[in-house]
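Containing compact mmCIF, C-alpha atoms and all ligand atoms: entry-v4.txt.
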```txt
# COMPACT_ATOMS: atom_id res chain seq x y z
CA MET A 134 0.00 0.00 0.00
CA GLU A 135 1.15 3.54 -0.74
CA PHE A 136 1.36 6.26 1.89
CA PRO A 137 1.97 9.39 -0.19
CA LEU A 138 1.76 11.95 2.64
CA THR A 139 4.93 10.66 4.25
CA ARG A 140 6.62 9.39 1.08
CA HIS A 141 9.19 12.21 1.13
CA LEU A 142 10.17 11.72 4.78
CA LEU A 143 13.35 9.79 5.49
CA LYS A 144 12.58 6.86 7.77
CA ALA A 145 14.44 4.58 10.18
CA GLU A 146 13.39 1.83 12.53
CA ILE A 147 15.17 -0.03 15.31
CA HIS A 148 12.57 -2.66 16.20
CA CYS A 149 11.44 -5.23 13.65
CA HIS A 150 11.48 -9.02 14.19
CA ILE A 151 12.78 -10.88 11.15
CA GLU A 152 10.22 -13.69 11.05
CA GLY A 153 7.58 -11.08 11.91
CA ALA A 154 8.44 -9.36 8.63
CA ALA A 155 7.46 -12.39 6.53
CA PRO A 156 4.50 -11.59 4.26
CA PRO A 157 1.77 -14.28 4.44
CA ALA A 158 2.27 -15.07 0.72
CA LEU A 159 5.95 -15.86 1.37
CA ALA A 160 5.06 -17.99 4.42
CA ALA A 161 2.55 -19.88 2.24
CA ARG A 162 5.23 -20.54 -0.40
CA GLN A 163 7.60 -21.78 2.29
CA ALA A 164 4.90 -24.07 3.71
CA GLU A 165 4.29 -25.52 0.25
CA LYS A 166 8.02 -26.00 -0.31
CA TYR A 167 8.38 -27.98 2.92
CA GLY A 168 4.96 -29.71 2.80
CA VAL A 169 3.67 -28.12 6.00
CA ASP A 170 -0.05 -27.72 6.74
CA THR A 171 -0.64 -24.14 7.85
CA SER A 172 -4.44 -24.04 7.60
CA ASP A 173 -4.68 -23.13 11.31
CA ILE A 174 -2.37 -20.09 11.11
CA LEU A 175 -2.80 -18.84 7.53
CA ARG A 176 -6.22 -18.11 6.07
CA GLU A 177 -7.17 -16.05 3.03
CA GLY A 178 -3.73 -14.53 2.79
CA ALA A 179 -3.57 -13.41 6.43
CA TYR A 180 -2.15 -14.74 9.68
CA VAL A 181 -4.73 -16.08 12.14
CA TRP A 182 -4.46 -15.35 15.87
CA SER A 183 -6.71 -13.66 18.38
CA ASP A 184 -4.63 -12.61 21.38
CA PHE A 185 -1.01 -12.12 22.45
CA SER A 186 -0.48 -15.80 23.41
CA GLU A 187 -1.88 -16.99 20.09
CA PHE A 188 0.17 -14.40 18.26
CA LEU A 189 3.37 -15.79 19.83
CA VAL A 190 2.40 -19.36 18.83
CA CYS A 191 1.65 -18.19 15.28
CA TYR A 192 4.98 -16.34 15.18
CA ASP A 193 6.93 -19.44 16.21
CA ARG A 194 5.07 -21.52 13.61
CA VAL A 195 5.89 -19.03 10.85
CA ALA A 196 9.53 -19.04 11.98
CA SER A 197 9.60 -22.82 11.54
CA LEU A 198 8.84 -22.38 7.81
CA PHE A 199 12.26 -20.77 7.19
CA ARG A 200 14.78 -23.56 7.22
CA THR A 201 17.93 -22.67 5.31
CA ASP A 202 20.37 -19.78 5.24
CA GLU A 203 19.05 -18.94 1.77
CA ASP A 204 15.43 -18.84 3.08
CA TYR A 205 16.59 -16.26 5.63
CA ALA A 206 18.68 -14.33 3.09
CA LEU A 207 15.64 -13.98 0.81
CA LEU A 208 13.34 -12.98 3.68
CA THR A 209 15.78 -10.34 4.92
CA GLU A 210 16.57 -9.02 1.46
CA SER A 211 12.90 -8.66 0.54
CA TYR A 212 11.96 -6.97 3.84
CA LEU A 213 14.83 -4.44 3.57
CA THR A 214 14.26 -3.80 -0.14
CA GLU A 215 10.61 -2.99 0.56
CA LEU A 216 11.64 -0.65 3.41
CA ALA A 217 14.17 1.11 1.19
CA GLY A 218 11.36 1.63 -1.34
CA GLU A 219 9.54 3.60 1.39
CA ASN A 220 12.55 5.92 1.81
CA THR A 221 13.96 4.05 4.82
CA ILE A 222 17.69 4.42 5.39
CA TYR A 223 18.26 2.23 8.45
CA SER A 224 16.75 -0.81 10.17
CA GLU A 225 17.65 -2.90 13.20
CA ILE A 226 16.47 -6.47 12.82
CA ILE A 227 15.60 -8.56 15.87
CA VAL A 228 16.69 -12.18 15.40
CA SER A 229 16.48 -15.19 17.68
CA PRO A 230 19.21 -17.88 17.47
CA ASP A 231 16.67 -20.24 19.07
CA HIS A 232 14.61 -20.11 15.90
CA GLY A 233 17.69 -21.13 13.90
CA ASP A 234 18.38 -23.96 16.35
CA ARG A 235 14.78 -25.16 16.46
CA ILE A 236 14.66 -25.94 12.74
CA GLY A 237 18.07 -27.60 12.85
CA LEU A 238 19.80 -24.88 10.85
CA GLY A 239 21.92 -23.68 13.77
CA ALA A 240 22.52 -20.15 14.97
CA ASP A 241 25.59 -19.48 12.79
CA ALA A 242 23.92 -20.36 9.49
CA TYR A 243 20.74 -18.54 10.58
CA ILE A 244 22.66 -15.33 11.23
CA ALA A 245 24.84 -15.81 8.15
CA GLY A 246 21.69 -15.99 6.00
CA ILE A 247 20.28 -12.82 7.55
CA SER A 248 23.66 -11.07 7.08
CA GLU A 249 23.71 -12.12 3.42
CA GLY A 250 20.21 -10.63 3.00
CA ILE A 251 21.45 -7.37 4.54
CA ARG A 252 24.45 -7.34 2.20
CA ARG A 253 22.29 -7.87 -0.90
CA ALA A 254 19.76 -5.21 0.10
CA ARG A 255 22.51 -2.71 0.91
CA GLU A 256 24.14 -3.31 -2.44
CA LYS A 257 20.84 -2.82 -4.30
CA THR A 258 19.40 0.11 -2.36
CA GLY A 259 21.99 1.59 0.01
CA ILE A 260 19.91 0.72 3.12
CA GLU A 261 21.96 0.08 6.27
CA ALA A 262 20.96 -2.54 8.84
CA ARG A 263 22.24 -4.15 12.02
CA ILE A 264 21.24 -7.30 13.89
CA ILE A 265 19.94 -7.45 17.47
CA VAL A 266 20.16 -10.94 18.92
CA THR A 267 17.18 -11.70 21.13
CA GLY A 268 16.26 -14.26 23.73
CA GLU A 269 12.64 -15.38 23.75
CA ARG A 270 11.29 -15.03 27.27
CA HIS A 271 8.80 -17.88 26.87
CA PHE A 272 11.66 -20.27 26.04
CA GLY A 273 12.91 -19.71 29.62
CA PRO A 274 15.93 -18.10 31.35
CA GLU A 275 18.39 -20.79 30.23
CA SER A 276 17.67 -20.19 26.58
CA VAL A 277 17.84 -16.40 27.00
CA ILE A 278 21.22 -16.76 28.73
CA ALA A 279 22.40 -19.05 25.91
CA ALA A 280 21.32 -16.41 23.36
CA ALA A 281 23.32 -13.76 25.27
CA LYS A 282 26.38 -16.01 25.35
CA TYR A 283 26.01 -16.58 21.65
CA ALA A 284 25.77 -12.84 20.92
CA ALA A 285 28.69 -12.11 23.28
CA ARG A 286 31.01 -14.32 21.23
CA GLY A 287 31.09 -11.42 18.78
CA LYS A 288 31.61 -13.52 15.67
CA ASN A 289 29.52 -11.34 13.38
CA PRO A 290 30.23 -7.59 13.23
CA LEU A 291 26.63 -6.87 12.20
CA VAL A 292 25.41 -8.12 15.60
CA THR A 293 25.50 -5.00 17.75
CA GLY A 294 22.83 -5.47 20.39
CA PHE A 295 20.94 -7.82 22.68
CA ASN A 296 17.21 -7.91 23.39
CA MET A 297 14.58 -10.06 25.08
CA ALA A 298 11.21 -10.55 23.38
CA GLY A 299 8.38 -13.01 23.85
CA GLU A 300 5.89 -13.60 26.66
CA GLU A 301 6.32 -10.67 29.05
CA ARG A 302 4.05 -12.32 31.63
CA MET A 303 6.48 -15.22 32.09
CA GLY A 304 8.78 -14.92 35.13
CA ARG A 305 10.28 -11.68 36.38
CA VAL A 306 13.03 -9.58 34.82
CA SER A 307 15.35 -10.68 37.65
CA ASP A 308 15.24 -14.26 36.26
CA TYR A 309 16.71 -12.99 33.01
CA ALA A 310 19.08 -10.30 34.29
CA PRO A 311 22.17 -12.58 34.08
CA ALA A 312 21.71 -12.72 30.29
CA PHE A 313 21.89 -8.93 30.09
CA ASP A 314 24.99 -8.89 32.33
CA ILE A 315 26.72 -11.15 29.79
CA ALA A 316 25.67 -8.97 26.85
CA ARG A 317 26.64 -5.73 28.64
CA GLU A 318 30.05 -7.15 29.51
CA ALA A 319 30.56 -7.95 25.81
CA GLY A 320 29.85 -4.33 24.87
CA LEU A 321 26.53 -4.99 23.14
CA GLY A 322 23.76 -2.38 23.16
CA LEU A 323 20.89 -3.40 25.42
CA THR A 324 17.15 -3.23 24.81
CA ILE A 325 14.30 -5.25 26.31
CA HIS A 326 10.61 -5.73 25.60
CA ALA A 327 8.75 -4.31 28.62
CA GLY A 328 5.59 -2.35 29.33
CA GLU A 329 3.88 -3.84 26.27
CA VAL A 330 1.55 -6.39 27.83
CA CYS A 331 2.50 -5.81 31.48
CA GLY A 332 2.16 -2.55 33.38
CA PRO A 333 4.66 0.01 34.74
CA PHE A 334 6.28 -2.48 37.16
CA SER A 335 7.73 -4.31 34.17
CA VAL A 336 9.41 -1.12 32.87
CA ALA A 337 10.67 -0.23 36.36
CA ASP A 338 12.14 -3.74 36.73
CA ALA A 339 13.85 -3.36 33.35
CA LEU A 340 15.38 -0.01 34.35
CA ASP A 341 16.52 -1.33 37.75
CA LEU A 342 17.92 -4.68 36.67
CA VAL A 343 18.94 -4.32 33.02
CA ARG A 344 19.78 -0.60 32.71
CA PRO A 345 19.00 -0.65 28.97
CA ALA A 346 19.62 2.26 26.62
CA ARG A 347 16.25 1.50 25.00
CA ILE A 348 13.02 -0.32 25.78
CA GLY A 349 10.88 -2.22 23.27
CA HIS A 350 7.40 -0.66 23.59
CA GLY A 351 7.53 0.66 27.19
CA VAL A 352 4.30 2.52 26.45
CA ARG A 353 2.45 1.34 29.55
CA ALA A 354 4.92 3.41 31.61
CA VAL A 355 2.44 6.21 30.87
CA GLU A 356 0.28 4.80 33.69
CA ASP A 357 2.87 6.00 36.27
CA PRO A 358 3.89 9.69 36.06
CA GLU A 359 6.98 9.16 38.23
CA LEU A 360 8.17 6.43 35.91
CA VAL A 361 7.60 8.69 32.91
CA ALA A 362 9.79 11.33 34.60
CA ARG A 363 12.44 8.69 35.25
CA LEU A 364 12.49 7.64 31.58
CA ARG A 365 12.75 11.31 30.58
CA ASP A 366 15.64 11.96 33.01
CA LEU A 367 17.53 8.83 31.95
CA GLY A 368 17.01 9.58 28.25
CA THR A 369 15.85 5.99 27.68
CA VAL A 370 14.53 5.60 24.14
CA LEU A 371 11.17 3.86 23.73
CA GLU A 372 10.87 1.82 20.54
CA VAL A 373 7.17 2.52 20.05
CA CYS A 374 5.11 0.31 17.72
CA PRO A 375 1.61 1.83 17.64
CA GLY A 376 0.09 -0.52 15.03
CA SER A 377 1.31 -3.52 17.01
CA ASN A 378 -0.25 -2.18 20.22
CA ILE A 379 -3.60 -1.60 18.51
CA ALA A 380 -3.60 -5.01 16.78
CA LEU A 381 -2.82 -6.76 20.08
CA GLY A 382 -5.53 -4.79 21.90
CA VAL A 383 -3.20 -2.94 24.28
CA TYR A 384 -5.11 0.23 23.27
CA PRO A 385 -8.48 0.35 21.53
CA ASP A 386 -7.48 2.86 18.83
CA PHE A 387 -4.75 5.26 17.68
CA GLY A 388 -6.55 8.18 19.33
CA SER A 389 -5.99 6.64 22.77
CA HIS A 390 -2.41 5.51 22.12
CA PRO A 391 0.07 7.27 24.47
CA LEU A 392 2.83 8.03 21.92
CA ARG A 393 2.07 11.75 21.82
CA ARG A 394 1.66 12.05 25.60
CA LEU A 395 5.00 10.34 26.22
CA LYS A 396 6.68 12.57 23.66
CA GLN A 397 5.19 15.70 25.16
CA ALA A 398 6.38 14.59 28.61
CA GLY A 399 9.93 14.67 27.23
CA VAL A 400 10.46 10.92 26.75
CA ARG A 401 12.56 10.02 23.71
CA VAL A 402 10.40 7.96 21.34
CA CYS A 403 10.62 6.59 17.81
CA LEU A 404 8.33 4.73 15.39
CA ASN A 405 8.68 1.05 14.53
CA SER A 406 6.75 -1.68 12.71
CA ASP A 407 7.47 -4.69 15.05
CA ASP A 408 5.92 -7.54 12.99
CA PRO A 409 4.41 -5.61 10.08
CA PRO A 410 2.29 -8.19 8.17
CA PHE A 411 1.04 -9.79 11.40
CA PHE A 412 -0.33 -6.39 12.41
CA HIS A 413 -1.45 -5.27 8.93
CA THR A 414 1.08 -2.47 8.98
CA SER A 415 4.38 -1.21 7.58
CA LEU A 416 6.82 1.44 8.71
CA ALA A 417 5.37 3.84 6.13
CA ARG A 418 1.89 3.24 7.55
CA GLU A 419 3.13 3.95 11.09
CA TYR A 420 4.57 7.25 9.86
CA GLN A 421 1.35 8.12 8.04
CA ILE A 422 -0.80 7.34 11.11
CA ALA A 423 1.48 9.42 13.35
CA LEU A 424 0.94 12.36 11.01
CA GLU A 425 -2.75 11.94 10.21
CA THR A 426 -4.27 10.35 13.30
CA MET A 427 -1.95 10.92 16.24
CA GLY A 428 -1.54 14.66 15.80
CA LEU A 429 2.23 14.77 15.23
CA SER A 430 3.75 17.32 12.86
CA GLU A 431 6.24 16.52 10.10
CA GLN A 432 8.91 18.19 12.20
CA GLU A 433 8.08 15.99 15.20
CA ILE A 434 8.15 12.90 12.98
CA ASP A 435 11.57 13.90 11.62
CA GLY A 436 12.63 14.27 15.26
CA MET A 437 11.58 10.67 15.95
CA THR A 438 13.59 9.42 12.95
CA ARG A 439 16.57 11.31 14.36
CA THR A 440 15.99 9.72 17.77
CA ALA A 441 15.99 6.24 16.17
CA LEU A 442 19.32 6.97 14.45
CA GLU A 443 20.85 8.51 17.61
CA ALA A 444 19.77 5.45 19.61
CA ALA A 445 20.84 2.94 16.94
CA PHE A 446 23.38 0.35 18.00
CA VAL A 447 25.75 1.29 15.22
CA ASP A 448 29.26 2.75 14.95
CA GLU A 449 29.88 6.43 14.27
CA GLU A 450 30.22 5.40 10.63
CA PRO A 451 27.50 5.00 9.30
CA ARG A 452 25.66 6.94 12.05
CA GLY A 453 27.28 10.25 11.11
CA ARG A 454 26.44 9.70 7.46
CA LEU A 455 22.81 8.79 8.21
CA LEU A 456 22.09 11.60 10.68
C1 LIG B 501 6.70 -9.73 19.47
CL1 LIG B 501 4.83 -7.79 19.42
C2 LIG B 501 5.92 -8.84 20.22
N1 LIG B 501 6.01 -8.82 21.55
C3 LIG B 501 6.84 -9.66 22.15
N2 LIG B 501 7.61 -10.53 21.51
C4 LIG B 501 7.54 -10.57 20.17
N3 LIG B 501 8.18 -11.34 19.27
C5 LIG B 501 7.75 -11.00 18.06
N4 LIG B 501 6.84 -10.01 18.18
ZN ZN B 502 8.87 -6.55 19.36
```

What would the structure in this file look like if it were written as structure tokens?
Amino acid sequence: MEFPLTRHLLKAEIHCHIEGAAPPALAARQAEKYGVDTSDILREGAYVWSDFSEFLVCYDRVASLFRTDEDYALLTESYLTELAGENTIYSEIIVSPDHGDRIGLGADAYIAGISEGIRRAREKTGIEARIIVTGERHFGPESVIAAAKYAARGKNPLVTGFNMAGEERMGRVSDYAPAFDIAREAGLGLTIHAGEVCGPFSVADALDLVRPARIGHGVRAVEDPELVARLRDLGTVLEVCPGSNIALGVYPDFGSHPLRRLKQAGVRVCLNSDDPPFFHTSLAREYQIALETMGLSEQEIDGMTRTALEAAFVDEEPRGRLL
């Protein structure tokens, strides 16, 4: 879909899950290639799920349809090429070595495929991208710690950060803090999904125990004014994904989404697509909605793009060139 009102704006995002970027048509082709029945998760060209738990199950099923490094190279290349076509200059891709392991590909080949996709897209379009290794919270603390150890080995220069995604209601942040200690020690940028499904306590725990530069979502911090002030004072960047929040029912509509309130309170925020085809969105659509429905000016939107690039886990080159 075209979003002409924001076509001319440069865009950047720092929160998109690689398997979450798979269009349903591509997932269907993969399922056919590997002879997998997907009638329960793919219907009439759309993913089928009804709440956050079902979404996570659907996500893991879609991930299991990508089985070789070339499958991942093609997925990454097509996602980044589409983004570049919407005037996007930078993307940070969230990847989970567990998904590589679970289909028997292995984490190295999984990340090599994604890196190859980045290389091809950069060559074709000039788009820059980096990789954020993530642990999936619902796979348990051991697996999140293993993901951090994997990222900390530092074998791939495109891997610049560590994240935790998945079921926020599982366990407490303290169970997973050792993973972030490992990643911090290795010099990786830290970000964590918090305050998406759970309330302000989840964001406070993340700040206390992880000390991340950024938080994935974090929007429910708005329920606690003192926490909002703390985020503002720390300069923590919230990777806000409005379309994701609406699709998952965190807020009923864009009018009640807290992006603008957080921004006006002085919290650093940026726009992201999260799992675009799962949530019937794209980065361009998020930009368009911010402009048309959420009451943000072009100048404010440019400011959010700048925030994403300032907060990117990337070296001074290319940051200086992109900013
Ligand atoms: C996710 Cl929207 C969301 N939340 C938490 N974990 C995720 N993994 C992929 N998308
Ligand atoms: Zn996410």

Ranking A:Arg253, A:His271, A:Arg317, A:His150 by minimum distance to ligand ZN 502 (chain B) and counting all atoms listed in the file, which one comes first?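 Selected residue with least distance to ligand ZN 502 (chain B): A:His150.
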
Exercise answer, 12 Å around ligand ZN 502 (chain B) with only C-alpha atoms and all ligand atoms, as a tab-separated table (two decimals) with C-alpha atoms, in the frame of the given file:
```
chain	number	residue	atom	x	y	z
A	146	GLU	CA	13.39	1.83	12.53
A	147	ILE	CA	15.17	-0.03	15.31
A	148	HIS	CA	12.57	-2.66	16.20
A	149	CYS	CA	11.44	-5.23	13.65
A	150	HIS	CA	11.48	-9.02	14.19
A	151	ILE	CA	12.78	-10.88	11.15
A	152	GLU	CA	10.22	-13.69	11.05
A	153	GLY	CA	7.58	-11.08	11.91
A	154	ALA	CA	8.44	-9.36	8.63
A	185	PHE	CA	-1.01	-12.12	22.45
A	188	PHE	CA	0.17	-14.40	18.26
A	189	LEU	CA	3.37	-15.79	19.83
A	192	TYR	CA	4.98	-16.34	15.18
A	225	GLU	CA	17.65	-2.90	13.20
A	226	ILE	CA	16.47	-6.47	12.82
A	227	ILE	CA	15.60	-8.56	15.87
A	228	VAL	CA	16.69	-12.18	15.40
A	229	SER	CA	16.48	-15.19	17.68
A	265	ILE	CA	19.94	-7.45	17.47
A	267	THR	CA	17.18	-11.70	21.13
A	268	GLY	CA	16.26	-14.26	23.73
A	269	GLU	CA	12.64	-15.38	23.75
A	270	ARG	CA	11.29	-15.03	27.27
A	296	ASN	CA	17.21	-7.91	23.39
A	297	MET	CA	14.58	-10.06	25.08
A	298	ALA	CA	11.21	-10.55	23.38
A	299	GLY	CA	8.38	-13.01	23.85
A	300	GLU	CA	5.89	-13.60	26.66
A	301	GLU	CA	6.32	-10.67	29.05
A	324	THR	CA	17.15	-3.23	24.81
A	325	ILE	CA	14.30	-5.25	26.31
A	326	HIS	CA	10.61	-5.73	25.60
A	327	ALA	CA	8.75	-4.31	28.62
A	328	GLY	CA	5.59	-2.35	29.33
A	329	GLU	CA	3.88	-3.84	26.27
A	330	VAL	CA	1.55	-6.39	27.83
A	348	ILE	CA	13.02	-0.32	25.78
A	349	GLY	CA	10.88	-2.22	23.27
A	350	HIS	CA	7.40	-0.66	23.59
A	351	GLY	CA	7.53	0.66	27.19
A	371	LEU	CA	11.17	3.86	23.73
A	372	GLU	CA	10.87	1.82	20.54
A	373	VAL	CA	7.17	2.52	20.05
A	374	CYS	CA	5.11	0.31	17.72
A	375	PRO	CA	1.61	1.83	17.64
A	376	GLY	CA	0.09	-0.52	15.03
A	377	SER	CA	1.31	-3.52	17.01
A	378	ASN	CA	-0.25	-2.18	20.22
A	381	LEU	CA	-2.82	-6.76	20.08
A	404	LEU	CA	8.33	4.73	15.39
A	405	ASN	CA	8.68	1.05	14.53
A	406	SER	CA	6.75	-1.68	12.71
A	407	ASP	CA	7.47	-4.69	15.05
A	408	ASP	CA	5.92	-7.54	12.99
A	409	PRO	CA	4.41	-5.61	10.08
A	411	PHE	CA	1.04	-9.79	11.40
A	412	PHE	CA	-0.33	-6.39	12.41
```

Could you give me, as a PyMOL selection string, the residues within 9 Å of A:Thr171, counting all atoms listed in the file and dropping anything in the same chain fewer than 3 positions from it? chain A and resi 161+164+174-176+194-195

Which one is closest to A:Gly273: A:His413, A:Arg302, A:Arg418, A:Arg365? Count all atoms listed in the file.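 Nearest candidate to A:Gly273 out of A:His413, A:Arg302, A:Arg418, A:Arg365: A:Arg302.
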
Two-atom distance - atom CA of A:Lys166, atom CA of A:Ala242 (Å):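 Going from atom CA of A:Lys166 over to atom CA of A:Ala242 covers 19.5 Å.
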
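Distance check against A:Phe199 using all atoms listed in the file: of A:Ile422, A:Ile379, A:Val352, A:Ile247, the minimum falls on A:Ile247.
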
One-decimal distance in Å that lies between atom CA of A:Leu142 and atom CA of A:Asp435: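 The value is 7.3 Å.
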
Tell me, in Å to one decimal, how far atom CA of A:Thr440 is from atom CA of A:Ala346.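 Atom CA of A:Ala346 lies at a distance of 12.1 Å from atom CA of A:Thr440.
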
Would you kindly identify which residues have an atom no farther than 10 Å from (0.8, 12.3, 19.9), using only C-alpha atoms and the file's own coordinates, and write them out as an mmCIF file with C-alpha atoms, keeping the file's coordinate frame?
```cif
data_model
loop_
_atom_site.group_PDB
_atom_site.id
_atom_site.type_symbol
_atom_site.label_atom_id
_atom_site.label_comp_id
_atom_site.auth_asym_id
_atom_site.auth_seq_id
_atom_site.Cartn_x
_atom_site.Cartn_y
_atom_site.Cartn_z
ATOM 1 C CA PHE A 387 -4.750 5.260 17.680
ATOM 2 C CA GLY A 388 -6.550 8.180 19.330
ATOM 3 C CA SER A 389 -5.990 6.640 22.770
ATOM 4 C CA HIS A 390 -2.410 5.510 22.120
ATOM 5 C CA PRO A 391 0.070 7.270 24.470
ATOM 6 C CA LEU A 392 2.830 8.030 21.920
ATOM 7 C CA ARG A 393 2.070 11.750 21.820
ATOM 8 C CA ARG A 394 1.660 12.050 25.600
ATOM 9 C CA LEU A 395 5.000 10.340 26.220
ATOM 10 C CA LYS A 396 6.680 12.570 23.660
ATOM 11 C CA GLN A 397 5.190 15.700 25.160
ATOM 12 C CA ALA A 423 1.480 9.420 13.350
ATOM 13 C CA LEU A 424 0.940 12.360 11.010
ATOM 14 C CA THR A 426 -4.270 10.350 13.300
ATOM 15 C CA MET A 427 -1.950 10.920 16.240
ATOM 16 C CA GLY A 428 -1.540 14.660 15.800
ATOM 17 C CA LEU A 429 2.230 14.770 15.230
ATOM 18 C CA SER A 430 3.750 17.320 12.860
ATOM 19 C CA GLU A 433 8.080 15.990 15.200
#
```

Find the residues near stretch 277-281 of chain A: any atom within 12 Å, counting only C-alpha atoms, skip ones fewer than 2 places away on the same chain, and give them as number ranges by chain. A: 228-234, 240-241, 265-275, 283-287, 292-299, 306, 308-323, 325

Let me have the centre and edge lengths in Å, one decimal, of the box along x, y and z around every listed atom of stretch 148-160 of chain A with 3 Å of margin on each side, as JSON.
```
{"center_x": 7.3, "center_y": -10.3, "center_z": 8.5, "size_x": 17.0, "size_y": 21.3, "size_z": 21.5}
```

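Residue nearest A:Glu135 within the list A:Ala337, A:Glu215, A:Thr438, A:Arg401: A:Glu215 [criterion: smallest interatomic distance, only C-alpha atoms].
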
Can you pull out the residues contacting A:Leu367? Cut-off 10 Å, using all atoms listed in the file, and skip same-chain residues under 2 positions away; I want them as a VMD selection string. chain A and resid 340 344 346 361 to 365 369 to 370 400 to 401

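Distances from A:Ala179, A:Ala217, A:Leu159, A:Pro410 to A:Tyr205 were compared using all atoms listed in the file, and the smallest one belongs to A:Leu159.
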
Name the residues in contact with A:Arg252 at a cut-off of 9 Å, using all atoms listed in the file, excluding same-chain residues fewer than 5 positions from it; report them as a PyMOL selection string. chain A and resi 210+247+257+261-262

Write a file of the just-selected residues containing C-alpha atoms, as a tab-separated table (two decimals), in the frame of the given file.
```tsv
chain	number	residue	atom	x	y	z
A	210	GLU	CA	16.57	-9.02	1.46
A	247	ILE	CA	20.28	-12.82	7.55
A	257	LYS	CA	20.84	-2.82	-4.30
A	261	GLU	CA	21.96	0.08	6.27
A	262	ALA	CA	20.96	-2.54	8.84
```
